[in-house]
Amino acid sequence: MLNIVLMGPPGAGKGTHALWIAKDYGLPHISTGDMFREAMASGSELGNQIKAIVNSGGLVSDELTCALVKERLSRIDCENGYLLDGFPRTIAQAEALKTFGKEINREVNTVMNISCPDEQLIERIAGRRVCPKCGASYNVTFMPPKKKEGICDECGTPIVQRKDDNAESFKVRLANYYKSTAPLMEFYKGEGLLADFDGSIGAADLKKALVAFLEAHK
């Protein structure tokens with residue numbers, strides 16, 4: 001069974017590889033952003049709490065975030081594995097995930113980290129485009145849409161550039177990422193769960209490396 005946490009800095013290819021991993025291995029792809037949107041739209045008590053915080057410009061607490069993730073992982077579609085993307089982001093969240101993962105029989109057993117040199121990440125980000133509908137990621141230089149220029153291969157929606165996908169904004173995001181995730185790397189290394197992958201080798205070669213790893217651990 002694959003209970004995966006997928007990690008990696010923005011631009012390393014995490015979003016691209018998350019899509020095919022989830023599809024090929026029949027795993028629900030769970031991202032905190034999607035969960036927040038779903039919860040807020042549901043009208044549940046937890047969703048309403050999150051909606052009030054988000055609408056006021058506040059940050060959703062670790063406690064509420066963990067409650068949301070626990071509820072999501074408890075669903076029947078996660079019974080045979082899952083792919084967590086964007087969670088945990090802090091040691092507190094990782095420790096909470098370890099605790100409630102045991103409680104609901106959904107313990108993480110694989111943490112896959114995709115790394116890449118900063119210079120290459122910055123170059124990739126400048127050319128990154130995303131599908132606003134299905135979330136598929138592309139790059140105008142390295143990985144453009146195959147079917148039609150500027151159109152998502154998956155759902156036919158025009159792809160767009162995010163406002164913060166520029167060099168200056170990205171450097172700030174990258175610094176924040178390293179600051180928050182460096183302790184997480186050590187945490188999962190200590191748990192014996194961390195597997196590192198070189199995201200600079202190109203999407204096709206990285207996919208081969210990821211498939212070999214997943215096949216050996218499923």
# chains A, B, ... in the order shown; residues from 1 in each chain; ligands from 1
call {"tool": "residues_around", "arguments": {"residues": "segment 149-151 of chain A", "least_positions_apart": "5", "cutoff": "10 Å", "atoms": "only C-alpha atoms", "output": "list in words"}}
result
Arg129, Val130, Cys131, Tyr138, Val140, Pro144, Gly156, Thr157, Pro158, Ile159 and Val160 of chain A
call {"tool": "closest_atom_pairs", "arguments": {"of": "segment 21-40 of chain A", "to": "segment 195-216 of chain A", "cutoff": "10 Å", "atoms": "only C-alpha atoms", "output": "CSV"}}
result
residue,atom,partner,partner_atom,distance
A:Ile21,CA,A:Val211,CA,8.4
A:Asp24,CA,A:Val211,CA,9.7
A:Tyr25,CA,A:Leu214,CA,9.0
call {"tool": "residues_around", "arguments": {"residues": "Thr16 of chain A", "least_positions_apart": "2", "cutoff": "7 Å", "atoms": "only C-alpha atoms", "output": "PyMOL selection string"}}
result
chain A and resi 13-14+18-19+136-137
call {"tool": "residues_around", "arguments": {"residues": "segment 71-77 of chain A", "least_positions_apart": "4", "cutoff": "7 Å", "atoms": "only C-alpha atoms", "output": "list in words"}}
result
Pro28, Ala67, Ile104 and Arg106 of chain A
call {"tool": "write_last_selection", "arguments": {"atoms": "C-alpha atoms", "output": "PDB file, in the first residue's frame"}}
result
ATOM      1  CA  PRO A  28      -6.704  10.007  -4.422  1.00  0.00           C
ATOM      2  CA  ALA A  67      -8.712  18.194  11.496  1.00  0.00           C
ATOM      3  CA  ILE A 104      -7.427   5.942  11.551  1.00  0.00           C
ATOM      4  CA  ARG A 106      -3.704   5.708   7.459  1.00  0.00           C
TER       5      ARG A 106
END
call {"tool": "select_by_dssp", "arguments": {"residues": "segment 8-213 of chain A", "states": "strand (DSSP E or B)", "output": "PyMOL selection string"}}
result
chain A and resi 29-31+81-85+110-115+128-130+137-139+143+148+151+158+160+194-198
call {"tool": "write_last_selection", "arguments": {"atoms": "C-alpha atoms", "output": "tab-separated table (two decimals), in the first residue's frame"}}
result
chain	number	residue	atom	x	y	z
A	29	HIS	CA	-4.58	13.14	-4.96
A	30	ILE	CA	-5.13	15.21	-1.83
A	31	SER	CA	-3.94	18.83	-1.72
A	81	GLY	CA	-3.58	4.43	-0.26
A	82	TYR	CA	-3.36	8.16	-0.94
A	83	LEU	CA	-1.07	10.90	-2.23
A	84	LEU	CA	-0.75	13.93	0.06
A	85	ASP	CA	0.46	17.10	-1.69
A	110	THR	CA	6.56	6.85	1.93
A	111	VAL	CA	7.85	10.43	1.70
A	112	MET	CA	9.08	11.35	-1.78
A	113	ASN	CA	11.08	14.54	-2.14
A	114	ILE	CA	11.89	16.01	-5.56
A	115	SER	CA	14.83	18.42	-5.42
A	128	ARG	CA	5.49	27.72	-16.08
A	129	ARG	CA	1.85	27.69	-17.10
A	130	VAL	CA	-1.01	25.96	-15.31
A	137	SER	CA	1.26	22.03	-15.11
A	138	TYR	CA	3.22	22.89	-18.24
A	139	ASN	CA	6.33	24.83	-19.24
A	143	MET	CA	7.12	20.82	-21.42
A	148	LYS	CA	-2.38	22.42	-29.06
A	151	ILE	CA	-4.35	24.60	-24.38
A	158	PRO	CA	-6.51	27.64	-21.96
A	160	VAL	CA	-2.35	30.64	-17.73
A	194	LEU	CA	12.44	9.97	3.14
A	195	ALA	CA	13.41	9.16	-0.46
A	196	ASP	CA	15.15	11.89	-2.50
A	197	PHE	CA	14.83	12.28	-6.28
A	198	ASP	CA	16.76	14.56	-8.64
call {"tool": "closest_atom_pairs", "arguments": {"of": "segment 74-95 of chain A", "to": "segment 60-65 of chain A", "cutoff": "10 Å", "atoms": "only C-alpha atoms", "output": "JSON lines"}}
result
{"residue": "A:Phe87", "atom": "CA", "partner": "A:Thr65", "partner_atom": "CA", "distance": 9.1}
{"residue": "A:Pro88", "atom": "CA", "partner": "A:Thr65", "partner_atom": "CA", "distance": 9.4}
{"residue": "A:Arg89", "atom": "CA", "partner": "A:Asp62", "partner_atom": "CA", "distance": 9.4}
{"residue": "A:Thr90", "atom": "CA", "partner": "A:Asp62", "partner_atom": "CA", "distance": 8.6}
{"residue": "A:Ala92", "atom": "CA", "partner": "A:Asp62", "partner_atom": "CA", "distance": 7.4}
{"residue": "A:Gln93", "atom": "CA", "partner": "A:Asp62", "partner_atom": "CA", "distance": 6.4}
call {"tool": "write_last_selection", "arguments": {"atoms": "C-alpha atoms", "output": "CSV table (one decimal), in the first residue's frame"}}
result
chain,number,residue,atom,x,y,z
A,87,PHE,CA,0.7,18.7,3.7
A,88,PRO,CA,2.4,18.6,6.1
A,89,ARG,CA,4.2,21.9,6.0
A,90,THR,CA,5.5,22.1,9.6
A,92,ALA,CA,3.7,20.2,14.2
A,93,GLN,CA,1.6,19.1,11.3
call {"tool": "closest_residue", "arguments": {"among": "A:Gly101, A:Pro10, A:Gly135, A:Gly57", "to": "Asp34 of chain A", "atoms": "only C-alpha atoms"}}
result
A:Gly135
call {"tool": "atom_distance", "arguments": {"atom1": "atom CA of Lys51 of chain A", "atom2": "atom CA of Leu6 of chain A"}}
result
26.1 Å
call {"tool": "atom_distance", "arguments": {"atom1": "atom CA of Val54 of chain A", "atom2": "atom CA of Ala167 of chain A"}}
result
27.0 Å
call {"tool": "residues_around", "arguments": {"residues": "segment 188-193 of chain A", "least_positions_apart": "2", "cutoff": "10 Å", "atoms": "only C-alpha atoms", "output": "PDB file with C-alpha atoms, in the first residue's frame"}}
result
ATOM      1  CA  ILE A   4       2.551   8.959   0.168  1.00  0.00           C
ATOM      2  CA  VAL A   5       3.615  12.455   1.176  1.00  0.00           C
ATOM      3  CA  ILE A  91       6.869  19.736  12.196  1.00  0.00           C
ATOM      4  CA  ALA A  94       3.911  16.104  10.619  1.00  0.00           C
ATOM      5  CA  VAL A 108       2.376   7.561   6.038  1.00  0.00           C
ATOM      6  CA  ASN A 109       4.790   4.932   4.719  1.00  0.00           C
ATOM      7  CA  THR A 110       6.561   6.848   1.926  1.00  0.00           C
ATOM      8  CA  VAL A 111       7.850  10.430   1.703  1.00  0.00           C
ATOM      9  CA  MET A 112       9.083  11.345  -1.781  1.00  0.00           C
ATOM     10  CA  PRO A 183      13.144  20.602   9.509  1.00  0.00           C
ATOM     11  CA  LEU A 184      10.545  18.341   7.845  1.00  0.00           C
ATOM     12  CA  MET A 185      13.251  16.639   5.795  1.00  0.00           C
ATOM     13  CA  GLU A 186      15.151  15.846   8.973  1.00  0.00           C
ATOM     14  CA  ALA A 195      13.414   9.163  -0.456  1.00  0.00           C
TER      15      ALA A 195
END
call {"tool": "select_by_dssp", "arguments": {"residues": "segment 3-204 of chain A", "states": "alpha helix (DSSP H)", "output": "VMD selection string"}}
result
chain A and resid 14 to 24 32 to 42 45 to 55 62 to 73 91 to 103 118 to 126 167 to 190 203 to 204
call {"tool": "write_last_selection", "arguments": {"atoms": "C-alpha atoms", "output": "short mmCIF file (atom, residue, chain, number, x, y, z; two decimals), in the first residue's frame"}}
result
data_model
loop_
_atom_site.label_atom_id
_atom_site.label_comp_id
_atom_site.auth_asym_id
_atom_site.auth_seq_id
_atom_site.Cartn_x
_atom_site.Cartn_y
_atom_site.Cartn_z
CA LYS A 14 5.83 17.98 -8.06
CA GLY A 15 2.47 18.96 -9.54
CA THR A 16 3.15 17.25 -12.87
CA HIS A 17 4.28 13.99 -11.29
CA ALA A 18 1.52 14.01 -8.67
CA LEU A 19 -1.08 13.80 -11.44
CA TRP A 20 0.24 10.66 -13.13
CA ILE A 21 1.19 8.95 -9.84
CA ALA A 22 -2.37 9.39 -8.58
CA LYS A 23 -3.85 8.23 -11.90
CA ASP A 24 -1.52 5.27 -12.56
CA THR A 32 -4.67 21.23 1.12
CA GLY A 33 -5.81 23.92 -1.33
CA ASP A 34 -8.43 21.61 -2.81
CA MET A 35 -9.51 20.50 0.65
CA PHE A 36 -9.98 24.06 1.86
CA ARG A 37 -12.07 24.93 -1.20
CA GLU A 38 -14.17 21.79 -0.84
CA ALA A 39 -14.72 22.32 2.88
CA MET A 40 -15.74 25.97 2.42
CA ALA A 41 -18.22 25.00 -0.28
CA SER A 42 -19.70 22.13 1.76
CA GLU A 45 -19.18 23.29 10.63
CA LEU A 46 -15.46 22.84 9.97
CA GLY A 47 -15.83 24.35 6.50
CA ASN A 48 -17.63 27.39 7.87
CA GLN A 49 -14.88 27.94 10.44
CA ILE A 50 -12.24 27.83 7.70
CA LYS A 51 -14.31 30.10 5.44
CA ALA A 52 -14.60 32.74 8.17
CA ILE A 53 -10.83 32.71 8.74
CA VAL A 54 -9.96 32.85 5.04
CA ASN A 55 -12.49 35.61 4.32
CA ASP A 62 -2.52 23.82 12.32
CA GLU A 63 -5.33 22.45 14.46
CA LEU A 64 -8.04 23.14 11.88
CA THR A 65 -5.85 22.07 8.97
CA CYS A 66 -5.04 18.76 10.68
CA ALA A 67 -8.71 18.19 11.50
CA LEU A 68 -9.54 18.69 7.83
CA VAL A 69 -6.79 16.32 6.65
CA LYS A 70 -7.83 13.69 9.21
CA GLU A 71 -11.42 13.85 7.97
CA ARG A 72 -10.30 13.56 4.35
CA LEU A 73 -7.98 10.62 4.96
CA ILE A 91 6.87 19.74 12.20
CA ALA A 92 3.70 20.20 14.25
CA GLN A 93 1.60 19.06 11.28
CA ALA A 94 3.91 16.10 10.62
CA GLU A 95 3.67 14.97 14.24
CA ALA A 96 -0.11 15.36 14.17
CA LEU A 97 -0.29 13.34 10.93
CA LYS A 98 1.76 10.59 12.55
CA THR A 99 -0.60 10.50 15.54
CA PHE A 100 -3.96 10.58 13.77
CA GLY A 101 -2.61 8.41 10.95
CA LYS A 102 -2.23 5.62 13.48
CA GLU A 103 -5.69 6.32 14.91
CA ASP A 118 17.71 26.94 -7.53
CA GLU A 119 18.90 28.38 -10.88
CA GLN A 120 16.96 25.75 -12.77
CA LEU A 121 13.88 26.26 -10.60
CA ILE A 122 13.89 30.00 -11.35
CA GLU A 123 14.24 29.32 -15.08
CA ARG A 124 11.40 26.83 -15.00
CA ILE A 125 9.07 29.10 -13.03
CA ALA A 126 9.37 31.91 -15.58
CA ALA A 167 11.89 35.61 -10.56
CA GLU A 168 11.63 38.09 -7.67
CA SER A 169 8.44 36.69 -6.14
CA PHE A 170 9.73 33.19 -6.65
CA LYS A 171 13.00 33.80 -4.77
CA VAL A 172 10.98 34.85 -1.72
CA ARG A 173 8.73 31.79 -2.01
CA LEU A 174 11.75 29.53 -2.40
CA ALA A 175 13.46 30.95 0.70
CA ASN A 176 10.27 30.43 2.71
CA TYR A 177 9.94 26.89 1.38
CA TYR A 178 13.45 25.92 2.45
CA LYS A 179 13.00 27.54 5.85
CA SER A 180 9.81 25.61 6.59
CA THR A 181 10.66 22.28 4.98
CA ALA A 182 14.29 21.75 6.04
CA PRO A 183 13.14 20.60 9.51
CA LEU A 184 10.54 18.34 7.84
CA MET A 185 13.25 16.64 5.79
CA GLU A 186 15.15 15.85 8.97
CA PHE A 187 11.96 14.65 10.67
CA TYR A 188 11.13 12.17 7.91
CA LYS A 189 14.76 11.14 7.51
CA GLY A 190 14.70 10.27 11.19
CA ALA A 203 10.54 14.83 -16.61
CA ALA A 204 10.89 11.56 -18.56
#
